$ cat my_file36.pdb   # PDB, C-alpha atoms
ATOM      1  CA  MET I  50      -3.320  -8.641  23.866
ATOM      2  CA  THR I  51      -1.406  -5.763  25.436
ATOM      3  CA  GLU I  52      -2.128  -2.067  25.737
ATOM      4  CA  ILE I  53      -1.230   0.186  22.819
ATOM      5  CA  SER I  54      -0.516   3.913  22.679
ATOM      6  CA  LEU I  55      -2.081   6.523  20.415
ATOM      7  CA  ILE I  56       1.260   6.948  18.619
ATOM      8  CA  GLU I  57       1.390   3.226  17.806
ATOM      9  CA  VAL I  58      -2.159   3.342  16.441
ATOM     10  CA  TYR I  59      -1.268   6.375  14.321
ATOM     11  CA  LYS I  60       1.788   4.554  12.909
ATOM     12  CA  ILE I  61      -0.427   1.654  11.828
ATOM     13  CA  VAL I  62      -2.947   3.989  10.159
ATOM     14  CA  ASP I  63      -0.112   5.934   8.515
ATOM     15  CA  SER I  64       1.441   2.729   7.139
ATOM     16  CA  PHE I  65      -1.987   1.782   5.755
ATOM     17  CA  PHE I  66      -2.184   5.066   3.813
ATOM     18  CA  LYS I  67       1.384   4.657   2.524
ATOM     19  CA  TYR I  68       0.710   1.046   1.505
ATOM     20  CA  PHE I  69      -2.315   2.092  -0.577
ATOM     21  CA  GLU I  70      -0.847   5.351  -1.861
ATOM     22  CA  GLY I  71      -2.213   6.042  -5.340
ATOM     23  CA  ASN I  72      -5.118   3.624  -4.914
ATOM     24  CA  PHE I  73      -8.290   4.977  -6.546
ATOM     25  CA  LEU I  74     -10.579   4.123  -3.617
ATOM     26  CA  VAL I  75      -8.259   5.658  -1.029
ATOM     27  CA  GLU I  76      -7.947   8.884  -3.022
ATOM     28  CA  HIS I  77     -11.725   9.001  -3.581
ATOM     29  CA  PHE I  78     -12.483   8.572   0.142
ATOM     30  CA  ALA I  79      -9.846  11.174   1.014
ATOM     31  CA  ARG I  80     -11.382  13.737  -1.377
ATOM     32  CA  ASN I  81     -14.799  13.025   0.087
ATOM     33  CA  TYR I  82     -13.443  13.506   3.614
ATOM     34  CA  TYR I  83     -11.863  16.906   2.999
ATOM     35  CA  GLY I  84     -14.562  18.093   0.590
ATOM     36  CA  LYS I  85     -14.531  21.088  -1.722
ATOM     37  CA  ARG I  86     -16.630  23.490   0.347
ATOM     38  CA  GLY I  87     -17.194  24.468   3.943
ATOM     39  CA  PHE I  88     -14.735  24.873   6.791
ATOM     40  CA  LYS I  89     -11.283  23.339   6.599
ATOM     41  CA  ARG I  90     -10.864  20.173   8.695
ATOM     42  CA  TYR I  91      -8.186  20.734  11.332
ATOM     43  CA  LEU I  92      -7.687  16.999  11.870
ATOM     44  CA  SER I  93      -6.481  14.818   9.008
ATOM     45  CA  MET I  94      -8.226  11.552   8.180
ATOM     46  CA  LYS I  95      -5.258   9.698   9.698
ATOM     47  CA  ASP I  96      -5.742  11.563  12.995
ATOM     48  CA  ILE I  97      -9.496  10.931  13.033
ATOM     49  CA  MET I  98      -9.071   7.215  12.334
ATOM     50  CA  ALA I  99      -6.288   6.861  14.925
ATOM     51  CA  LEU I 100      -8.319   8.683  17.585
ATOM     52  CA  ASN I 101     -11.457   6.634  16.959
ATOM     53  CA  ILE I 102      -9.533   3.363  17.098
ATOM     54  CA  TYR I 103      -7.717   4.508  20.241
ATOM     55  CA  ARG I 104     -11.094   5.236  21.861
ATOM     56  CA  PHE I 105     -11.793   1.508  22.123
ATOM     57  CA  PHE I 106      -8.447   0.858  23.800
ATOM     58  CA  MET I 107      -9.429   3.511  26.347
ATOM     59  CA  GLN I 108     -12.798   1.733  26.721
ATOM     60  CA  PHE I 109     -15.020   4.779  26.196
ATOM     61  CA  SER I 110     -18.490   3.439  25.476
ATOM     62  CA  ASN I 111     -19.611   6.514  23.505
ATOM     63  CA  LEU I 112     -18.007   9.084  21.237
ATOM     64  CA  LYS I 113     -19.093  12.144  23.231
ATOM     65  CA  ALA I 114     -17.335  10.960  26.394
ATOM     66  CA  PHE I 115     -14.149  10.295  24.428
ATOM     67  CA  HIS I 116     -14.366  13.749  22.799
ATOM     68  CA  ARG I 117     -14.457  15.366  26.256
ATOM     69  CA  PHE I 118     -11.413  13.325  27.281
ATOM     70  CA  ALA I 119      -9.472  14.125  24.086
ATOM     71  CA  ASN I 120     -10.371  17.811  24.230
ATOM     72  CA  LYS I 121      -8.979  17.981  27.758
ATOM     73  CA  TYR I 122      -5.949  15.674  27.721
ATOM     74  CA  LEU I 123      -4.832  15.606  24.078
ATOM     75  CA  LYS I 124      -4.760  19.363  23.487
ATOM     76  CA  GLU I 125      -0.961  19.367  23.435
ATOM     77  CA  ARG I 126      -0.935  16.949  20.490
ATOM     78  CA  TYR I 127      -4.002  18.456  18.776
ATOM     79  CA  PRO I 128      -4.078  22.209  19.595
ATOM     80  CA  ASN I 129      -6.929  22.868  17.115
ATOM     81  CA  PHE I 130      -9.156  20.064  18.350
ATOM     82  CA  PRO I 131     -12.669  20.520  16.851
ATOM     83  CA  ASN I 132     -15.916  20.762  18.770
ATOM     84  CA  TYR I 133     -18.048  17.632  19.147
ATOM     85  CA  GLU I 134     -20.300  18.346  16.148
ATOM     86  CA  ASN I 135     -17.375  18.703  13.732
ATOM     87  CA  PHE I 136     -15.561  15.757  15.320
ATOM     88  CA  LEU I 137     -18.647  13.585  14.764
ATOM     89  CA  LYS I 138     -18.989  14.731  11.136
ATOM     90  CA  ALA I 139     -15.324  13.968  10.461
ATOM     91  CA  THR I 140     -15.694  10.545  12.108
ATOM     92  CA  ASN I 141     -18.686   9.697   9.911
ATOM     93  CA  LYS I 142     -16.782  10.864   6.822
ATOM     94  CA  SER I 143     -13.948   8.462   7.692
ATOM     95  CA  PHE I 144     -16.272   5.435   7.878
ATOM     96  CA  PRO I 145     -15.751   4.186   4.260
ATOM     97  CA  MET I 146     -11.984   4.324   4.758
ATOM     98  CA  MET I 147     -12.325   2.364   7.985
ATOM     99  CA  MET I 148     -14.247  -0.358   6.131
ATOM    100  CA  LEU I 149     -11.357  -0.574   3.665
ATOM    101  CA  PHE I 150      -8.885  -0.660   6.563
ATOM    102  CA  VAL I 151     -10.661  -3.588   8.278
ATOM    103  CA  ASN I 152     -10.906  -5.580   5.047
ATOM    104  CA  SER I 153      -7.220  -4.916   4.355
ATOM    105  CA  VAL I 154      -6.178  -6.165   7.807
ATOM    106  CA  LEU I 155      -8.280  -9.320   7.320
ATOM    107  CA  ALA I 156      -6.621  -9.890   3.932
ATOM    108  CA  LYS I 157      -3.210  -9.476   5.594
ATOM    109  CA  ASN I 158      -4.222 -12.021   8.251
ATOM    110  CA  ARG I 159      -5.263 -14.531   5.576
ATOM    111  CA  GLU I 160      -1.975 -13.976   3.806
ATOM    112  CA  LYS I 161      -0.018 -14.490   7.026
ATOM    113  CA  CYS I 162      -2.020 -17.635   7.913
ATOM    114  CA  ALA I 163      -1.915 -19.180   4.430
ATOM    115  CA  GLY I 164      -0.185 -22.305   5.795
ATOM    116  CA  GLU I 165      -2.715 -22.888   8.606
ATOM    117  CA  THR I 166      -4.717 -26.112   8.198
ATOM    118  CA  ILE I 167      -7.255 -25.702  11.027
ATOM    119  CA  HIS I 168      -9.910 -22.975  11.099
ATOM    120  CA  PHE I 169     -12.927 -22.349  13.318
ATOM    121  CA  ILE I 170     -16.253 -20.898  12.132
ATOM    122  CA  ASP I 171     -18.987 -19.368  14.255
ATOM    123  CA  SER I 172     -21.391 -16.441  14.504
ATOM    124  CA  THR I 173     -22.427 -14.152  17.324
ATOM    125  CA  PRO I 174     -25.550 -11.992  17.762
ATOM    126  CA  VAL I 175     -25.063  -8.220  17.683
ATOM    127  CA  GLU I 176     -28.154  -6.734  19.304
ATOM    128  CA  VAL I 177     -29.246  -3.219  18.391
ATOM    129  CA  CYS I 178     -31.724  -2.886  21.255
ATOM    130  CA  LYS I 179     -33.124  -4.815  24.182
ATOM    131  CA  ASN I 180     -36.022  -7.166  23.477
ATOM    132  CA  ASN I 181     -38.521  -5.035  25.391
ATOM    133  CA  LYS I 182     -37.752  -2.095  23.042
ATOM    134  CA  ILE I 183     -38.015  -3.906  19.689
ATOM    135  CA  LEU I 184     -41.349  -2.338  18.703
ATOM    136  CA  ARG I 185     -40.049   1.175  19.529
ATOM    137  CA  HIS I 186     -36.688   0.775  17.800
ATOM    138  CA  LYS I 187     -36.308   2.947  14.663
ATOM    139  CA  VAL I 188     -32.638   3.179  13.668
ATOM    140  CA  ALA I 189     -32.181  -0.336  12.220
ATOM    141  CA  ARG I 190     -35.847  -1.242  11.772
ATOM    142  CA  ASP I 191     -35.564  -1.700   7.989
ATOM    143  CA  CYS I 192     -32.458  -3.901   7.953
ATOM    144  CA  ALA I 193     -32.209  -5.679  11.320
ATOM    145  CA  SER I 194     -34.343  -8.721  12.128
ATOM    146  CA  ARG I 195     -35.119 -11.135  14.910
ATOM    147  CA  GLY I 196     -32.895 -14.133  15.351
ATOM    148  CA  LYS I 197     -32.222 -16.857  17.855
ATOM    149  CA  SER I 198     -28.937 -17.834  19.457
ATOM    150  CA  THR I 199     -28.037 -20.266  22.219
ATOM    151  CA  LYS I 200     -28.895 -17.501  24.701
ATOM    152  CA  GLY I 201     -32.363 -16.873  23.283
ATOM    153  CA  TRP I 202     -34.094 -14.449  20.928
ATOM    154  CA  PHE I 203     -32.569 -11.106  19.935
ATOM    155  CA  PHE I 204     -33.156  -8.256  17.482
ATOM    156  CA  GLY I 205     -30.293  -7.035  15.339
ATOM    157  CA  PHE I 206     -27.508  -8.510  13.240
ATOM    158  CA  LYS I 207     -25.191 -11.490  13.196
ATOM    159  CA  LEU I 208     -21.437 -11.270  12.890
ATOM    160  CA  HIS I 209     -20.047 -14.368  11.172
ATOM    161  CA  GLY I 210     -16.335 -15.100  11.329
ATOM    162  CA  VAL I 211     -13.435 -17.482  10.779
ATOM    163  CA  CYS I 212     -10.303 -17.650  12.914
ATOM    164  CA  THR I 213      -7.238 -19.855  13.304
ATOM    165  CA  ALA I 214      -6.193 -21.882  16.339
ATOM    166  CA  ASP I 215      -4.093 -18.840  17.375
ATOM    167  CA  MET I 216      -7.222 -16.612  17.448
ATOM    168  CA  ILE I 217      -6.161 -14.715  14.319
ATOM    169  CA  VAL I 218      -9.365 -13.559  12.593
ATOM    170  CA  GLU I 219      -9.336 -14.256   8.855
ATOM    171  CA  SER I 220     -12.822 -13.318   7.696
ATOM    172  CA  LEU I 221     -15.845 -11.387   9.014
ATOM    173  CA  THR I 222     -19.307 -10.748   7.566
ATOM    174  CA  PHE I 223     -22.412  -9.005   8.905
ATOM    175  CA  THR I 224     -25.902 -10.332   8.133
ATOM    176  CA  THR I 225     -29.343  -9.745   9.582
ATOM    177  CA  GLY I 226     -30.249 -11.747  12.662
ATOM    178  CA  SER I 227     -32.572 -14.143  10.829
ATOM    179  CA  VAL I 228     -29.900 -15.515   8.436
ATOM    180  CA  HIS I 229     -29.023 -19.117   9.281
ATOM    181  CA  ASP I 230     -25.368 -19.830  10.046
ATOM    182  CA  SER I 231     -25.083 -22.593   7.438
ATOM    183  CA  LYS I 232     -25.883 -20.170   4.598
ATOM    184  CA  MET I 233     -22.681 -18.216   5.271
ATOM    185  CA  ALA I 234     -20.210 -21.111   5.575
ATOM    186  CA  GLN I 235     -19.202 -21.220   1.906
ATOM    187  CA  LYS I 236     -18.811 -17.440   1.627
ATOM    188  CA  LEU I 237     -16.702 -17.210   4.780
ATOM    189  CA  THR I 238     -14.283 -19.951   3.704
ATOM    190  CA  LYS I 239     -13.797 -18.992   0.040
ATOM    191  CA  ASP I 240     -10.320 -17.522   0.686
ATOM    192  CA  ILE I 241      -8.961 -20.172   3.059
ATOM    193  CA  ILE I 242      -7.628 -23.703   2.618
ATOM    194  CA  GLY I 243      -7.733 -26.510   5.180
ATOM    195  CA  LYS I 244     -10.128 -28.026   7.692
ATOM    196  CA  ALA I 245     -12.954 -25.874   9.041
ATOM    197  CA  PHE I 246     -14.645 -26.824  12.317
ATOM    198  CA  ALA I 247     -18.049 -25.523  13.366
ATOM    199  CA  ASP I 248     -20.933 -26.289  15.705
ATOM    200  CA  ALA I 249     -24.072 -28.277  14.903
ATOM    201  CA  GLY I 250     -25.728 -25.256  13.286
ATOM    202  CA  TYR I 251     -23.532 -25.617  10.199
ATOM    203  CA  GLN I 252     -25.113 -28.769   8.740
ATOM    204  CA  LEU I 253     -24.633 -28.459   4.966
ATOM    205  CA  LYS I 254     -25.967 -30.304   1.955
ATOM    206  CA  SER I 255     -23.656 -32.816   0.256
ATOM    207  CA  GLU I 256     -23.482 -30.667  -2.915
ATOM    208  CA  VAL I 257     -22.227 -27.673  -0.933
ATOM    209  CA  LEU I 258     -19.699 -29.831   0.911
ATOM    210  CA  SER I 259     -18.417 -31.143  -2.430
ATOM    211  CA  GLU I 260     -18.037 -27.614  -3.814
ATOM    212  CA  MET I 261     -16.141 -26.542  -0.699
ATOM    213  CA  ALA I 262     -13.887 -29.607  -0.909
ATOM    214  CA  ASP I 263     -13.090 -28.754  -4.525
ATOM    215  CA  ASP I 264     -11.969 -25.316  -3.294
ATOM    216  CA  GLY I 265      -9.728 -26.907  -0.649
ATOM    217  CA  VAL I 266     -11.990 -26.486   2.399
ATOM    218  CA  PHE I 267     -13.066 -29.611   4.301
ATOM    219  CA  MET I 268     -15.970 -28.858   6.627
ATOM    220  CA  HIS I 269     -16.378 -30.662   9.959
ATOM    221  CA  ASN I 270     -19.240 -29.816  12.283
ATOM    222  CA  ALA I 271     -20.464 -31.195  15.571
ATOM    223  CA  PRO I 272     -23.352 -33.694  15.203
ATOM    224  CA  ARG I 273     -26.809 -32.860  16.486
ATOM    225  CA  LYS I 274     -28.218 -34.771  19.456
ATOM    226  CA  ASN I 275     -30.526 -36.835  17.235
ATOM    227  CA  MET I 276     -27.732 -37.844  14.837
ATOM    228  CA  ASN I 277     -25.699 -41.055  14.894
ATOM    229  CA  ARG I 278     -22.344 -40.352  13.298
ATOM    230  CA  LEU I 279     -18.819 -41.607  13.833
ATOM    231  CA  ILE I 280     -15.986 -39.103  14.026
ATOM    232  CA  SER I 281     -12.269 -39.619  14.545
ATOM    233  CA  LYS I 282     -10.418 -38.689  17.733
ATOM    234  CA  GLU I 283      -8.612 -35.911  15.844
ATOM    235  CA  GLN I 284     -11.924 -34.411  14.706
ATOM    236  CA  LEU I 285     -13.316 -34.679  18.238
ATOM    237  CA  ASP I 286     -10.280 -32.906  19.705
ATOM    238  CA  CYS I 287     -10.581 -30.078  17.153
ATOM    239  CA  LEU I 288     -14.321 -29.730  17.729
ATOM    240  CA  LYS I 289     -13.629 -29.338  21.442
ATOM    241  CA  GLN I 290     -11.420 -26.331  20.611
ATOM    242  CA  ARG I 291     -14.278 -24.370  19.013
ATOM    243  CA  ASN I 292     -14.400 -22.181  22.104
ATOM    244  CA  ILE I 293     -11.391 -20.369  20.588
ATOM    245  CA  ILE I 294     -13.633 -18.343  18.282
ATOM    246  CA  GLU I 295     -16.147 -17.877  21.097
ATOM    247  CA  THR I 296     -13.307 -16.261  23.038
ATOM    248  CA  VAL I 297     -12.796 -13.899  20.084
ATOM    249  CA  TRP I 298     -16.467 -12.841  20.296
ATOM    250  CA  SER I 299     -16.206 -12.472  24.067
ATOM    251  CA  VAL I 300     -13.190 -10.128  23.816
ATOM    252  CA  MET I 301     -14.806  -8.089  21.013
ATOM    253  CA  LYS I 302     -17.950  -7.565  23.052
ATOM    254  CA  GLY I 303     -16.446  -7.243  26.516
ATOM    255  CA  ARG I 304     -13.133  -5.459  25.950
ATOM    256  CA  PHE I 305     -13.880  -3.572  22.734
ATOM    257  CA  GLU I 306     -17.555  -2.644  23.183
ATOM    258  CA  LEU I 307     -18.795  -4.205  19.925
ATOM    259  CA  VAL I 308     -22.484  -4.185  20.891
ATOM    260  CA  TYR I 309     -23.935  -0.666  20.710
ATOM    261  CA  THR I 310     -27.587   0.127  21.369
ATOM    262  CA  LYS I 311     -27.487   3.944  21.487
ATOM    263  CA  ALA I 312     -26.830   4.786  17.829
ATOM    264  CA  ARG I 313     -28.899   7.567  16.290
ATOM    265  CA  SER I 314     -28.302   6.515  12.688
ATOM    266  CA  LEU I 315     -27.523   3.330  10.798
ATOM    267  CA  LYS I 316     -24.249   4.817   9.572
ATOM    268  CA  GLY I 317     -23.271   5.701  13.128
ATOM    269  CA  MET I 318     -24.100   2.167  14.264
ATOM    270  CA  PHE I 319     -21.907   0.441  11.673
ATOM    271  CA  ARG I 320     -19.200   3.064  12.127
ATOM    272  CA  HIS I 321     -19.068   1.967  15.759
ATOM    273  CA  PHE I 322     -18.981  -1.730  14.755
ATOM    274  CA  PHE I 323     -16.101  -1.311  12.320
ATOM    275  CA  TYR I 324     -13.977   0.873  14.585
ATOM    276  CA  SER I 325     -14.476  -1.652  17.381
ATOM    277  CA  ILE I 326     -13.411  -4.501  15.072
ATOM    278  CA  ALA I 327     -10.395  -2.483  13.865
ATOM    279  CA  ALA I 328      -9.236  -1.954  17.457
ATOM    280  CA  PHE I 329      -9.559  -5.671  18.154
ATOM    281  CA  LEU I 330      -7.648  -6.645  14.998
ATOM    282  CA  ILE I 331      -4.824  -4.243  15.879
ATOM    283  CA  SER I 332      -4.694  -5.538  19.451
ATOM    284  CA  GLN I 333      -4.117  -9.111  18.281
ATOM    285  CA  SER I 334      -1.637  -8.180  15.556
ATOM    286  CA  ALA I 335       1.861  -9.420  16.392
ATOM    287  CA  CYS I 336       3.492  -6.987  13.962
ATOM    288  CA  ARG I 337       1.498  -3.891  15.016
ATOM    289  CA  GLN I 338       3.032  -0.825  13.326
ATOM    290  CA  LYS I 339       4.602  -3.104  10.679
ATOM    291  CA  LEU I 340       1.141  -4.318   9.668
ATOM    292  CA  PHE I 341       1.204  -2.704   6.214
ATOM    293  CA  ILE I 342       4.981  -2.620   5.775
ATOM    294  CA  PRO I 343       6.364  -5.354   3.456
ATOM    295  CA  ASP I 344       8.844  -7.758   5.052
TER     296      ASP I 344
END
$ encode --input "my_file36.pdb" --output "structure tokens"
Amino acid sequence: MTEISLIEVYKIVDSFFKYFEGNFLVEHFARNYYGKRGFKRYLSMKDIMALNIYRFFMQFSNLKAFHRFANKYLKERYPNFPNYENFLKATNKSFPMMMLFVNSVLAKNREKCAGETIHFIDSTPVEVCKNNKILRHKVARDCASRGKSTKGWFFGFKLHGVCTADMIVESLTFTTGSVHDSKMAQKLTKDIIGKAFADAGYQLKSEVLSEMADDGVFMHNAPRKNMNRLISKEQLDCLKQRNIIETVWSVMKGRFELVYTKARSLKGMFRHFFYSIAAFLISQSACRQKLFIPD
């Protein structure tokens, strides 16, 4: 994962818009971004998306700090750079398009990894506040919940995902913190084919395993401590490689600031999540600016 320039990020966003040119959703989100009334937006949606993705490569933990940086050092590229209030409004308006962008990149990854036979499944907690502030937390009170991970209790959401042995992320889903990992296994693997390896938290009923096998997914999970079960050496070796997806979570949280506890609105919180994920997906993309350009 190497550094990437703002121009490279813009090329990727631009290729995304060209790839989906004429798409109803893209045109609808674009109309909603520019609006029919009010002041004209000086920055296009492409510029706003590129800047917000680039923020995570620059490792700015909050939008206001990045706005100060951009207003000072990117004036030559953006002479009519808006004030923070308008920049924030434009960023929030671009959120639906960013959701479409992330889902499109994941679909491209699944397409590129169609021949892969080994996949890893796991989830990671995404806290919205510290445990001592749960009772005072208001932003995500109605949708977040308490959950438990290997590191203890938390309040927030869970990010469930699937990746290949090369750390290429194929599928991602957010749920509340109280949702058990095993309930998401079938949904996460519906668009992949091969062997899926997971930890002991993904114990599934035989009927679910049969349905997944019929769809081409063969689930293998680590046994619990109180279970007596024989597994082959190949399965054992693959189960030992499950730390690959844990590395994905570690990079998302450490390098790309996925966890965010200072949001003032639910929309702002998930906007942060999706832009962080988009930056990570671009960073691991081997084709970068050719991401949405047909071979």
$ residues_around --input "my_file36.pdb" --residues "I:Ala245" --least-positions-apart "3" --cutoff "9 Å" --atoms "only C-alpha atoms" --output "PDB file with C-alpha atoms, keeping the file's coordinate frame"
ATOM      1  CA  THR I 166      -4.717 -26.112   8.198  1.00  0.00           C
ATOM      2  CA  ILE I 167      -7.255 -25.702  11.027  1.00  0.00           C
ATOM      3  CA  HIS I 168      -9.910 -22.975  11.099  1.00  0.00           C
ATOM      4  CA  PHE I 169     -12.927 -22.349  13.318  1.00  0.00           C
ATOM      5  CA  ILE I 170     -16.253 -20.898  12.132  1.00  0.00           C
ATOM      6  CA  VAL I 211     -13.435 -17.482  10.779  1.00  0.00           C
ATOM      7  CA  THR I 238     -14.283 -19.951   3.704  1.00  0.00           C
ATOM      8  CA  ILE I 242      -7.628 -23.703   2.618  1.00  0.00           C
ATOM      9  CA  VAL I 266     -11.990 -26.486   2.399  1.00  0.00           C
ATOM     10  CA  PHE I 267     -13.066 -29.611   4.301  1.00  0.00           C
ATOM     11  CA  MET I 268     -15.970 -28.858   6.627  1.00  0.00           C
ATOM     12  CA  HIS I 269     -16.378 -30.662   9.959  1.00  0.00           C
ATOM     13  CA  ASN I 270     -19.240 -29.816  12.283  1.00  0.00           C
TER      14      ASN I 270
END
$ residues_near_point --input "my_file36.pdb" --point "(-18.6, -25.3, -1.1)" --cutoff "12 Å" --atoms "all atoms listed in the file" --output "list in words"
Ser231, Lys232, Met233, Ala234, Gln235, Lys236, Leu237, Thr238, Lys239, Asp240, Ile241, Ile242, Ala245, Leu253, Lys254, Ser255, Glu256, Val257, Leu258, Ser259, Glu260, Met261, Ala262, Asp263, Asp264, Gly265, Val266, Phe267 and Met268 of chain I
$ atom_distance --input "my_file36.pdb" --atom1 "atom CA of I:Lys121" --atom2 "atom CA of I:Tyr133"
12.5 Å
$ closest_residue --input "my_file36.pdb" --among "I:Lys244, I:Lys95, I:His321, I:Arg117" --to "I:Asp63" --atoms "only C-alpha atoms"
I:Lys95
$ atom_distance --input "my_file36.pdb" --atom1 "atom CA of I:Phe341" --atom2 "atom CA of I:Phe65"
5.5 Å
$ resolve_selection --input "my_file36.pdb" --expression "the PyMOL selection byres ((chain I and resi 225) around 6)" --output "JSON, numbers by chain"
{"I": [193, 194, 206, 207, 224, 226, 227, 228]}
$ atom_distance --input "my_file36.pdb" --atom1 "atom CA of I:Arg320" --atom2 "atom CA of I:His77"
18.4 Å
$ closest_residue --input "my_file36.pdb" --among "I:Phe136, I:Tyr324, I:Tyr309, I:Phe150" --to "I:Tyr68" --atoms "only C-alpha atoms"
I:Phe150
$ closest_residue --input "my_file36.pdb" --among "I:Gly243, I:Gly210, I:Phe115, I:Ile97" --to "I:Met147" --atoms "all atoms listed in the file"
I:Ile97
$ residues_around --input "my_file36.pdb" --residues "I:Phe109" --least-positions-apart "2" --cutoff "12 Å" --atoms "only C-alpha atoms" --output "PyMOL selection string"
chain I and resi 100-107+111-119+304-307+309+321+325
$ residues_around --input "my_file36.pdb" --residues "I:Asn129" --least-positions-apart "6" --cutoff "10 Å" --atoms "all atoms listed in the file" --output "VMD selection string"
chain I and resid 90 to 92 120
$ write_last_selection --input "my_file36.pdb" --atoms "C-alpha atoms" --output "PDB file, keeping the file's coordinate frame"
ATOM      1  CA  ARG I  90     -10.864  20.173   8.695  1.00  0.00           C
ATOM      2  CA  TYR I  91      -8.186  20.734  11.332  1.00  0.00           C
ATOM      3  CA  LEU I  92      -7.687  16.999  11.870  1.00  0.00           C
ATOM      4  CA  ASN I 120     -10.371  17.811  24.230  1.00  0.00           C
TER       5      ASN I 120
END
$ closest_residue --input "my_file36.pdb" --among "I:Arg159, I:His209, I:Arg291, I:Lys138" --to "I:Ser172" --atoms "all atoms listed in the file"
I:His209
